[in-house]
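Shown next, in structure tokens, is the structure this report addresses.
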Amino acid sequence: MLSNLNLRAAIISISFLIVVLGLWQMATAPQALVGGTQELTEYELMMGIGAQTSGIPAPSQVISHAISELSQPFYDAGPNDKGIGLQLLYSVGRVLAGFGLAVVIAIPLGFVIGMSPVLNKAFDPYIQVLKPISPLAWMPLALFIIKDSNTSAIFVIFICSIWPMLINTAFGVAAVRNDWLNVARTLELSKLRTAFTVILPAAAPTILTGMRISVGIAWLVIVAAEMLVGGTGIGYYVWNEWNNLDLASVIFAILMIGIVGMLLDGVLVQASRFVRYQD
Amino acid sequence: MTAHYLQIEDLARTFPQPGSKIPTTVFEGVNFSIEKGEFVCIIGHSGCGKSTILNVLAGLDHASAGHVIMDGKVIEGPSLDQGVIFQNHSLLPWLSTLHNVTFAVRARWPSWSRAQIREHSVRYLEMVGLESVLDRKPAQLSGGMRQRVGIARAFAIEPKLLLMDEPFGALDALTRGVIQEELLKIWARTHQTVFMITHDVDEAVLLADRVLLMTNGPNARVAESVLIDIPRPRERATLHEQSAYYPIRNHLVEFLVRRAKTLSIAARDTEIRHSPKIVNPVKTDPWPPRPAALHAR
């Protein structure tokens with residue numbers, strides 16, 4: 001039954017891909033000229049009406065481009081010509097730096113806020129105001145204060161990934177069952193031991209959910225941030241190829257962003273399996 | 001005054017009442033004592049404050065008046081001297097059966113070696129018949145097994161006083177019977193001092209040396225201390241064959257059905273310091289009148 005289900009899902013999945021690629025290929029196929037032998041006016045020539053292909057590359061072109069790019073992903077031929085792998089590594093590096101910094105601050109802070117109803121109330125207004133701010137709105141301020149575009153990009157990642165982790169950690173810690181805390185109290189565990197041996201494992205699944213949301217947002221934001229700061233990274237690559245009007249590269253980069261995002265999420269899904277418990 | 005192992009003196013608890021300046025008194029003037037190694041059950045209708053009394057003994061709650069003295073010291077907060085078994089098992093779901101117990105044993109004896117902690121924990125898990133499921137998580141155990149892990153954990157830390165708040169309330173009748181016998185066995189081996197809340201008269205008669213009867217709340221009191229004069233070891237299957245069984249059982253049921261309410265009303269008018277009357281149904285009242293309803297057929 002299960003293999004049957006998988007099989008049917010796979011058939012639908014692949015058919016869908018074939019239909020979409022087919023439609024795309026047809027839509028971008030060179031069109032026969034309407035007038036046939038008629039001369040084109042100068043205006044029509046300028047607008048590219050007579051061109052044999054439309055501006056959007058066909059899937060076959062994107063695939064062949066992808067193969068050539070992926071055959072040497074890490075080449076570096078100057079600032080405007082780097083391999084896709086290298087650009088992705090720059091982006092992942094920034095995401096991990098900003099995200100890591102956010103983990104170091106958000107989880108202990110969330111712990112303290114979650115354990116203390118007073119601090120929870122005290123910090124709540126700030127969190128509610130700061131949370132909805134688009135992380136890119138911080139960019140000018142970051143650039144002015146930090147005076148370094150790379151560090152500013154990391155700061156923007158930091159500021160956008162801190163909120164989901166902070167909120168989830170505080171919520172998870174506050175929601176730890178009273179029974180379990182009473183067990184810790186009757187065993188005379190110190191505050192620190194209670195935090196590490198009871199509260200942390202109890203809240204870990206919620207904390208990891210927060211981390212998953214954060215890393216997802218961070219990966220969304222890095223593309224936009226790198227378009228702004230430029231230099232290196234997958235966001236810069238997309239923008240650069242747009243300026244070159246190389247849409248095959250843009251489409252290829254879009255797919256790569258999706259795949260890397262999926263892998264980042266997958267790592268945290270695996271991690272959350274270690275801390276998950278069934279109640 | 002003779003020093004008892006556990007002495008509860010003039011305990012009272014009031015709760016502020018919404019919309020009124022006069023707080024509600026759940027219970028007041030509660031006096032009783034428990035000797036070392038004694039198994040005491042407390043029975044009363046819902047709302048008489050049994051759980052609050054237990055929580056005060058555990059140090060998890062505080063009384064509005066009065067105090068609790070155990071082994072010469074006033075109980076002021078939760079400690080390893082008071083073990084608690086809650087109604088809903090309260091095992092840590094991310095730890096295995098064994099680690100739920102070693103977790104507590106390590107807290108009790110921090111200087112013990114790993115092997116010593118394990119050996120001690122396994123011994124107690126064996127006493128409740130769980131040696132074959134040491135590595136399972138609580139979610140993979142049946143409700144009865146989970147409660148047995150809770151029992152093993154509480155006995156393993158060898159507290160001065162073991163408190164049980166309706167430990168079998170959430171279990172079906174068959175499982176409950178099996179675990180009551182497990183509890184009798186482990187208690188017979190350890191002679192732990194136990195204070196237990198129950199709603200089940202038969203359970204109290206099977207397990208306890210003494211049953212405390214509470215009148216209805218508000219202003220509830222401990223009215224009687226009933227001796228369960230049935231020799232040990234007791235067995236569930238043969239308990240009703242004991243000549244003392246029916247007099248005791250009838251006395252308890254009759255109290256709960258009738259006198260819990262009337263005594264409660266009477267007690268509200270008296271301000272005297274109240275000590276429970278010690279009753280031995282076997283000697284004082286060989287065959288008390290059955291409630292009329294039971295006579296009807």
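In the structure tokens, chains take letters A, B, ... by order of appearance, with residues numbered from 1 within each chain and ligands from 1 in the order shown.
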
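Excluding range 233-239 of chain B itself and same-chain residues fewer than 6 positions from it, the residues having an atom within 10 Å of it are Gly177, Val178, Gln180, Glu181, Leu184, Lys185, Ala188, Asp202, Glu203, Val205, Leu206, Leu207, Tyr245 and Tyr246 of chain B, counting only C-alpha atoms.
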
*asked:* If you run DSSP on the backbone here, which positions in range 131-195 of chain A get alpha helix (DSSP H)? Please write them as a ChimeraX atom specification.
replied: /A:139-146,149-174,178-186,191-194

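Residues of chain A lying within 8 Å of chain B, counting only C-alpha atoms, are Asp179, Trp180, Asn182, Val183, Arg185, Thr186, Leu187, Glu188, Leu189, Val198, Pro201, Ala202, Val275, Arg276, Tyr277, Gln278 and Asp279 of chain A.
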
Using the selection just defined, write its residues with N, CA and C atoms as a tab-separated table (two decimals), in the first residue's frame.
```
chain	number	residue	atom	x	y	z
A	179	ASP	N	4.16	19.70	36.38
A	179	ASP	CA	4.51	18.42	36.99
A	179	ASP	C	6.01	18.18	36.95
A	180	TRP	N	6.59	18.46	35.78
A	180	TRP	CA	8.03	18.20	35.61
A	180	TRP	C	8.84	19.15	36.48
A	182	ASN	N	7.78	20.38	39.28
A	182	ASN	CA	7.60	19.90	40.65
A	182	ASN	C	8.51	18.72	40.94
A	183	VAL	N	8.71	17.86	39.94
A	183	VAL	CA	9.66	16.75	40.11
A	183	VAL	C	11.03	17.32	40.43
A	185	ARG	N	11.70	20.20	41.72
A	185	ARG	CA	11.68	20.84	43.04
A	185	ARG	C	11.79	19.80	44.15
A	186	THR	N	11.03	18.69	44.02
A	186	THR	CA	11.08	17.69	45.09
A	186	THR	C	12.44	16.98	45.11
A	187	LEU	N	13.16	16.99	43.98
A	187	LEU	CA	14.49	16.37	43.96
A	187	LEU	C	15.57	17.38	44.37
A	188	GLU	N	15.14	18.57	44.77
A	188	GLU	CA	16.05	19.63	45.21
A	188	GLU	C	17.13	19.93	44.17
A	189	LEU	N	16.75	19.94	42.89
A	189	LEU	CA	17.73	20.29	41.86
A	189	LEU	C	17.97	21.80	41.92
A	198	VAL	N	15.87	19.53	32.90
A	198	VAL	CA	14.42	19.42	32.77
A	198	VAL	C	13.87	20.39	31.73
A	201	PRO	N	15.53	20.03	27.81
A	201	PRO	CA	14.98	18.93	26.99
A	201	PRO	C	13.48	19.07	26.75
A	202	ALA	N	12.75	19.63	27.71
A	202	ALA	CA	11.30	19.77	27.53
A	202	ALA	C	10.98	20.79	26.45
A	275	VAL	N	15.92	15.56	19.40
A	275	VAL	CA	15.37	16.12	20.64
A	275	VAL	C	13.88	15.88	20.77
A	276	ARG	N	13.29	15.28	19.73
A	276	ARG	CA	11.85	15.08	19.79
A	276	ARG	C	11.49	14.01	20.81
A	277	TYR	N	10.40	14.21	21.52
A	277	TYR	CA	9.92	13.16	22.42
A	277	TYR	C	8.42	13.06	22.27
A	278	GLN	N	7.94	11.88	22.57
A	278	GLN	CA	6.51	11.64	22.47
A	278	GLN	C	5.93	11.70	23.87
A	279	ASP	N	4.91	12.50	24.04
A	279	ASP	CA	4.37	12.65	25.38
A	279	ASP	C	3.21	11.68	25.61
```

*Excluding range 253-268 of chain B and residues on its chain fewer than 3 positions from it, collect all residues at most 8 Å away from it, counting only C-alpha atoms, and give them as a list in words.*
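Result of the neighbour search: Gly44, His45, Val201, Leu213, Met214, Thr215, Asn216, Gly217, Asn219, Ala220, Arg221, Ala223, Arg249, Asn250, Glu271, Arg290 and Pro291 of chain B.
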
*Would you list the contacts of Leu227 in chain B as an MDAnalysis selection string, taking every protein, DNA or RNA residue within 7 Å and counting only C-alpha atoms, but skipping same-chain residues closer than 6 positions in sequence?*
chainID B and resid 209:211 279:280

*Name the residues of range 16-144 of chain B that come out as strand (DSSP E or B) in a backbone DSSP run; write them as a ChimeraX atom specification.*
/B:24-34,39-43,65-70,73-74,82-85

*Exercise: Phe111 in chain A partners within 7 Å, only C-alpha atoms, chain neighbours under 5 positions left out, as a list in words*: Thr169, Ala170 and Val173 of chain A

Convert the current residue selection to file output with N, CA and C atoms, as a PDB file, in the first residue's frame.
```
ATOM      1  N   THR A 169      11.672  30.098  22.018  1.00  0.00           N
ATOM      2  CA  THR A 169      12.361  29.642  23.223  1.00  0.00           C
ATOM      3  C   THR A 169      11.598  30.090  24.464  1.00  0.00           C
ATOM      4  N   ALA A 170      11.194  31.356  24.477  1.00  0.00           N
ATOM      5  CA  ALA A 170      10.456  31.869  25.635  1.00  0.00           C
ATOM      6  C   ALA A 170       9.151  31.101  25.805  1.00  0.00           C
ATOM      7  N   VAL A 173       9.877  27.432  26.996  1.00  0.00           N
ATOM      8  CA  VAL A 173      10.327  27.389  28.391  1.00  0.00           C
ATOM      9  C   VAL A 173       9.160  27.677  29.328  1.00  0.00           C
TER      10      VAL A 173
END
```

Quick one: residues within 12 Å of Ser132 in chain B, only C-alpha atoms, excluding same-chain residues fewer than 5 positions away - as an mmCIF file with C-alpha atoms, in the first residue's frame?
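The new file around-v4.cif reads:
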```cif
data_model
loop_
_atom_site.group_PDB
_atom_site.id
_atom_site.type_symbol
_atom_site.label_atom_id
_atom_site.label_comp_id
_atom_site.auth_asym_id
_atom_site.auth_seq_id
_atom_site.Cartn_x
_atom_site.Cartn_y
_atom_site.Cartn_z
ATOM 1 C CA THR B 97 12.394 4.012 32.230
ATOM 2 C CA LEU B 98 15.811 3.431 33.788
ATOM 3 C CA VAL B 122 17.442 -1.384 38.689
ATOM 4 C CA LEU B 125 12.485 -1.250 39.077
ATOM 5 C CA GLU B 126 12.738 -5.004 39.649
ATOM 6 C CA MET B 127 10.591 -4.654 42.757
ATOM 7 C CA LEU B 141 4.663 1.942 28.233
ATOM 8 C CA MET B 145 3.628 0.558 33.755
#
```

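We find CA of Phe74 in chain A and CA of Leu245 in chain A to be spaced 22.3 Å apart.
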
Write out as a PDB file with C-alpha atoms, in the first residue's frame which residues come within 8 Å of His65 in chain A when counting only C-alpha atoms, dropping same-chain ones fewer than 3 positions away.
```
ATOM      1  CA  GLN A  61      18.958  26.140 -22.624  1.00  0.00           C
ATOM      2  CA  VAL A  62      18.701  26.477 -18.817  1.00  0.00           C
ATOM      3  CA  SER A  68      28.235  23.779 -17.689  1.00  0.00           C
ATOM      4  CA  GLU A  69      27.992  25.843 -14.475  1.00  0.00           C
ATOM      5  CA  ALA A 248      19.396  31.428 -18.140  1.00  0.00           C
ATOM      6  CA  SER A 249      21.812  32.156 -15.294  1.00  0.00           C
ATOM      7  CA  PHE A 252      19.507  28.555 -12.778  1.00  0.00           C
TER       8      PHE A 252
END
```
